[in-house]
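Structure, as structure tokens:
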Amino acid sequence: MRGLRASAVVLSLTITTFLAASPSAPAAAGAPPEPEVTSLVTISVPDTATLEKVVATGADLTERVRPQPDGSIQVDAVLSEGQLAALAPLGVEKAGAPAAQKTPKTPKAAAAADQIVIERAVWFRTRDGYFLSVEATSSAGPTATLSAAWRGRGGASGTVPMVPYTDAGAYLGHQLSTPAPVADRPSWVTVTSAGGGTAQARVKEWPDGERPDRTIPGYRKDFITQYMPPGQLNERVKALHRQFPQLTDVIALPYLTNGYRRHAQAQFGAVVVTSLAYGSEGGNDLAMELVDPGAQGRPLQVTVNGKLITVSLATDASGAITSTAAQVIAAVNAGAGSLVKATPYRTDNGQGVVAPAPLTQLSDFLKAPADVSREPARVLALRIGAHRDGSRTGVLAYAQEHAREWVTPLVTIETAERLLRNYARDPATRRLLQRTDIFIVPTVNPDGANYSFYDYNFQRKNMTNHCPAAQADPAARNSWGVDVNRNYAVGSLFDGYVGASANCLSGTYAGPGEHSEPESRNVIWLARTYRNIKFAMNVHSYGGYFMWPPGAYQAAGRVTLPRPTKAQEAYFLRSARTIEEAIAAERGTVTWPQQTGPVTDVLYSAAGNSADELWYDFGIFGWDFEVGNDIWNPATRTWEGVGFQPPFEEGHKEALEYASGLIAMIGLAADYRAP
């Protein structure tokens, strides 16, 4: 058992995201349909079984899951007030008091003495003090009630409860719900079971990896001043190339994205009208009205005058309107089918009579300023190195597969700036660029990132809408797109692995097929084209994880992709500890030991993720780190999450520390010798 999972059961079921808005009836005629407002909240669920029910509802859960000593579970989620209210019957509520203040459930003693094995007991020091992390297994399985008692070098001691972790029916062990604050460095830990079992171990230091390379006094860093949307990231890449042409190349990746663009729409009760042209290419110029002819016995008629579509509704002998939604849809498609396509609202049967509606402009609902291009985007990679000829070990760093993760591109840009601006003066940096060939992609998913910046900050996916008409009304627009990091071709949904969805509205929608999206094809093109790439870091947020393959398992029997050999696993872990040491050196942020390990051990099954394809198909050591580890609040004595878009003061610090980690990985590549 290598690293107990910190967020058991999340995504062990297929997640299908809520509709962005779920009104019980169509919007009023001519009224602009708006998605419900969502926010990032911490919810509390009573137990693991309830959490699985929450997952099954399609709630948009993050990776930050914290089991509590009383058996409840706290998880961060992106929800509207309506969605939160809908979960209340399951016992879900906004998290309130820290779990330590709740009354623990009375434990049930195991039937017989059980055997305890301490898998890992470590201490670490952050800027906020000393903390203890313990992982253990019991032969009694998840029914065992364990606690960990420690004693420190200065005589201090304490006891903390442990919580069991199960996933897809598999018991993964017990650990502390979160690292426990301790007065000083603990020397010994004793794990005791209510069933009579006990075990003792010496506590080791974490991460205790190799220290970062020493840099000269005056080493330059801190080049990030704000969050940057894709356009600014690309300009930064080009500017660095112009300034350092002897050390860089700009690679225009071959697959153009969909672009920050959508078809224009309007909704008239149960009738949804969508332009054939993108909004930016004329769709936004269209307008439609539904009029009462004001006379008896008139037929349903559709006329087009330039960009104006007029639907004159049918009336009976008394002058009452008789046109149904189905009839209007058919008439619009027949009379204005060269401009728009009309469809029913979701599952409406179209039998209701349509009301008149005023002239309504179609809109793509996109809010970015005009200088944000609506054209398909070209993704850029910045290649850095003194020898960019394939003769050196290649390193790939790529970020923002998930659009809402605003800190992650800053990590890559800060890394590029440090490497280039210190090359001429710092021997350690010069060594890196002499011995490695570095490929940096600041934003894999520029379309989704623009949508996150300007329209819907919680956007996770790209902007390619594969939804059928029943799921494509304007109020669902915040749920469209493909999860780029579920669109790869190893251990995918289409291979029978779990952790991705076939529902186009899901936050983990895998797309209509493997590599259906240009974003995933671009990443694999780099790996296929530059075969010297042996190391890769996929930069994500938030939660403070450090992970590597296998990243997916099949539900039946919880069978993972093949595990690395013992030697490979040891290299993954040893390298991780070195990289984590560099991260911690910046401001004391320590990646928790229980959140360091293979994805399937420490997080969840993520079918079709990029690191798996890089490792299994190309032999690339593929890591993921989730920037933004929890922050210890000494006032409340709790760990608090930082979110996808923390205040820039915090995001800036995260960018600096994880850039140090990324440079440490480049250092590993500089020393790498293939077996």
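In the structure tokens, chains take letters A, B, ... by order of appearance, with residues numbered from 1 within each chain and ligands from 1 in the order shown.
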
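Excluding A:Leu433 itself and same-chain residues fewer than 5 positions from it, the residues having an atom within 8 Å of it are Ile384, Gly385, Ala386, His387, Leu419 and Tyr423 of chain A, counting only C-alpha atoms.
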
May I have the selected residues written with N, CA and C atoms, as an mmCIF file, in the first residue's frame?
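Below is the file that was written, again_14.cif:
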data_model
loop_
_atom_site.group_PDB
_atom_site.id
_atom_site.type_symbol
_atom_site.label_atom_id
_atom_site.label_comp_id
_atom_site.auth_asym_id
_atom_site.auth_seq_id
_atom_site.Cartn_x
_atom_site.Cartn_y
_atom_site.Cartn_z
ATOM 1 N N ILE A 384 12.967 25.637 -24.628
ATOM 2 C CA ILE A 384 14.089 26.313 -23.981
ATOM 3 C C ILE A 384 15.252 25.339 -23.844
ATOM 4 N N GLY A 385 16.445 25.793 -24.195
ATOM 5 C CA GLY A 385 17.637 24.974 -24.015
ATOM 6 C C GLY A 385 18.782 25.480 -24.854
ATOM 7 N N ALA A 386 19.988 25.176 -24.411
ATOM 8 C CA ALA A 386 21.163 25.560 -25.192
ATOM 9 C C ALA A 386 21.364 24.630 -26.378
ATOM 10 N N HIS A 387 20.816 23.419 -26.297
ATOM 11 C CA HIS A 387 20.950 22.434 -27.386
ATOM 12 C C HIS A 387 19.559 21.878 -27.682
ATOM 13 N N LEU A 419 14.574 30.489 -15.819
ATOM 14 C CA LEU A 419 15.578 29.765 -16.592
ATOM 15 C C LEU A 419 16.316 30.692 -17.552
ATOM 16 N N TYR A 423 20.290 32.349 -16.848
ATOM 17 C CA TYR A 423 21.209 31.487 -17.599
ATOM 18 C C TYR A 423 22.618 32.072 -17.668
#

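Here the helix (DSSP H, G or I) residues in stretch 59-242 of chain A, by DSSP on the backbone, are A:Glu81, A:Gly82, A:Gln83, A:Leu84, A:Ala85, A:Ala86, A:Leu87, A:Ala88, A:Pro89, A:Leu90, A:Ala99, A:Ala100, A:Gln101, A:Gly141, A:Pro142, A:Thr143, A:Pro230, A:Gly231, A:Gln232, A:Leu233, A:Asn234, A:Glu235, A:Arg236, A:Val237, A:Lys238, A:Ala239, A:Leu240, A:His241, A:Arg242.
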
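Using only C-alpha atoms, the shortest contact distance between A:Leu505 and any of A:Asp60, A:Thr560, A:Ser492, A:Lys238 is found at A:Asp60.
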
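Taking atom CA of A:Glu613 and atom CA of A:Thr248 as endpoints, the distance between them is 26.8 Å.
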
Quick one: pick out all strand (DSSP E or B) residues within stretch 118-283 of chain A from a backbone DSSP run and write them as a VMD selection string.
chain A and resid 118 to 126 129 to 138 146 to 152 157 to 161 163 to 167 170 to 175 180 to 182 186 to 193 198 to 202 204 to 205 248 to 252 263 to 268 271 to 278

Do a neighbour search on A:Arg531 at 12 Å with only C-alpha atoms, toss out local chain neighbours closer than 5 positions, and write the hits as a list of chain:residue names.
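Non-adjacent residues within range: A:Asp389, A:Gly390, A:Ser391, A:Arg392, A:Thr393, A:Gly394, A:Val395, A:Leu396, A:Asp437, A:Ile524, A:Trp525, A:Leu526, A:Leu614, A:Asp617, A:Phe618, A:Gly619, A:Ile620.
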
Which neighbours of A:Ser373 fall inside 9 Å, counting only C-alpha atoms, when residues of the same chain fewer than 6 positions from it are skipped, and could you give them as JSON, numbers by chain?
{"A": [231, 259, 260, 261]}

Save out the residues we just selected, all heavy atoms, as an mmCIF file, in the first residue's frame.
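Output saved as result_22.cif:
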data_model
loop_
_atom_site.group_PDB
_atom_site.id
_atom_site.type_symbol
_atom_site.label_atom_id
_atom_site.label_comp_id
_atom_site.auth_asym_id
_atom_site.auth_seq_id
_atom_site.Cartn_x
_atom_site.Cartn_y
_atom_site.Cartn_z
ATOM 1 N N GLY A 231 -4.388 35.236 -24.068
ATOM 2 C CA GLY A 231 -3.733 36.186 -24.950
ATOM 3 C C GLY A 231 -2.464 36.744 -24.340
ATOM 4 O O GLY A 231 -1.428 36.879 -25.018
ATOM 5 N N GLY A 259 -12.016 27.541 -30.656
ATOM 6 C CA GLY A 259 -12.060 28.998 -30.561
ATOM 7 C C GLY A 259 -13.030 29.437 -29.480
ATOM 8 O O GLY A 259 -13.976 28.724 -29.118
ATOM 9 N N TYR A 260 -12.789 30.645 -28.976
ATOM 10 C CA TYR A 260 -13.701 31.253 -28.003
ATOM 11 C C TYR A 260 -14.901 31.789 -28.789
ATOM 12 O O TYR A 260 -14.987 32.959 -29.142
ATOM 13 C CB TYR A 260 -12.982 32.371 -27.251
ATOM 14 C CG TYR A 260 -13.856 33.175 -26.320
ATOM 15 C CD1 TYR A 260 -14.306 32.647 -25.114
ATOM 16 C CD2 TYR A 260 -14.223 34.479 -26.646
ATOM 17 C CE1 TYR A 260 -15.102 33.393 -24.260
ATOM 18 C CE2 TYR A 260 -15.017 35.233 -25.791
ATOM 19 C CZ TYR A 260 -15.455 34.688 -24.610
ATOM 20 O OH TYR A 260 -16.247 35.432 -23.764
ATOM 21 N N ARG A 261 -15.822 30.897 -29.099
ATOM 22 C CA ARG A 261 -16.971 31.274 -29.920
ATOM 23 C C ARG A 261 -18.086 30.255 -29.734
ATOM 24 O O ARG A 261 -17.847 29.090 -29.420
ATOM 25 C CB ARG A 261 -16.590 31.366 -31.396
ATOM 26 C CG ARG A 261 -15.982 30.088 -31.969
ATOM 27 C CD ARG A 261 -15.578 30.281 -33.420
ATOM 28 N NE ARG A 261 -15.078 29.043 -34.009
ATOM 29 C CZ ARG A 261 -14.765 28.900 -35.288
ATOM 30 N NH1 ARG A 261 -14.901 29.932 -36.114
ATOM 31 N NH2 ARG A 261 -14.320 27.755 -35.760
#

Report the distance between atom CA of A:Arg558 and atom CA of A:Phe494 in Å, rounded to one decimal place.
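Atom CA of A:Phe494 lies 16.3 Å from atom CA of A:Arg558.
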
Kindly assemble as a Markdown table a list of the stretch 552-650 of chain A residues that lie within 7 Å of stretch 121-141 of chain A, each paired with its nearest atom pair and their distance in Å to one decimal, using only C-alpha atoms, sorted first by chain and then by ascending residue number.
| residue | atom | partner | partner_atom | distance |
| --- | --- | --- | --- | --- |
| A:Arg587 | CA | A:Arg127 | CA | 6.6 |
| A:Gly588 | CA | A:Thr126 | CA | 4.4 |
| A:Thr589 | CA | A:Thr126 | CA | 5.8 |
| A:Val590 | CA | A:Thr126 | CA | 6.3 |
| A:Trp632 | CA | A:Asp128 | CA | 6.8 |

Suppose you want the space between atom CA of A:Gln296 and atom CA of A:Val273; what is it in Å?
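About the pair atom CA of A:Gln296 and atom CA of A:Val273: they are 27.1 Å apart.
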
Find the spatial neighbours of A:Thr578, counting only C-alpha atoms, within a cut-off of 9 Å - ignore same-chain residues fewer than 2 positions away - and output them as a compact mmCIF listing (two decimals) with N, CA and C atoms, in the first residue's frame.
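Final file, part01.txt:
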# COMPACT_ATOMS: atom_id res chain seq x y z
N PRO A 207 9.41 15.84 3.58
CA PRO A 207 9.65 14.84 2.55
C PRO A 207 11.08 14.29 2.55
N ASP A 208 12.02 15.02 3.19
CA ASP A 208 13.38 14.51 3.34
C ASP A 208 13.99 14.09 2.00
N GLY A 209 13.73 14.89 0.95
CA GLY A 209 14.33 14.62 -0.35
C GLY A 209 15.64 15.37 -0.50
N GLU A 210 16.24 15.25 -1.69
CA GLU A 210 17.46 15.99 -1.96
C GLU A 210 17.15 17.49 -2.00
N ARG A 211 18.06 18.27 -1.49
CA ARG A 211 17.85 19.71 -1.46
C ARG A 211 18.02 20.30 -2.86
N PRO A 212 17.35 21.42 -3.14
CA PRO A 212 17.48 22.05 -4.46
C PRO A 212 18.93 22.49 -4.71
N LEU A 573 8.78 8.00 -6.54
CA LEU A 573 8.65 8.51 -5.18
C LEU A 573 9.88 9.33 -4.77
N ARG A 574 11.06 8.83 -5.08
CA ARG A 574 12.28 9.56 -4.73
C ARG A 574 12.31 10.93 -5.43
N SER A 575 11.92 10.94 -6.69
CA SER A 575 11.88 12.20 -7.43
C SER A 575 10.84 13.14 -6.84
N ALA A 576 9.69 12.58 -6.47
CA ALA A 576 8.63 13.41 -5.89
C ALA A 576 9.11 14.09 -4.63
N GLU A 580 9.19 18.00 -4.03
CA GLU A 580 8.44 18.56 -2.90
C GLU A 580 9.36 19.33 -1.95
N GLU A 581 10.60 18.88 -1.83
CA GLU A 581 11.56 19.60 -1.00
C GLU A 581 11.80 21.00 -1.56
N ALA A 582 11.87 21.12 -2.88
CA ALA A 582 12.08 22.42 -3.50
C ALA A 582 10.86 23.32 -3.32
N ILE A 583 9.68 22.74 -3.41
CA ILE A 583 8.45 23.52 -3.17
C ILE A 583 8.44 24.05 -1.74
N GLY A 661 9.51 23.92 -7.68
CA GLY A 661 9.35 22.48 -7.84
C GLY A 661 9.56 22.03 -9.27
N ALA A 664 13.14 21.96 -10.04
CA ALA A 664 13.75 20.78 -9.44
C ALA A 664 13.54 19.55 -10.32
N MET A 665 12.37 19.44 -10.95
CA MET A 665 12.16 18.32 -11.87
C MET A 665 13.10 18.41 -13.06
N LEU A 668 16.29 16.98 -12.08
CA LEU A 668 16.29 15.51 -12.13
C LEU A 668 16.54 15.03 -13.55
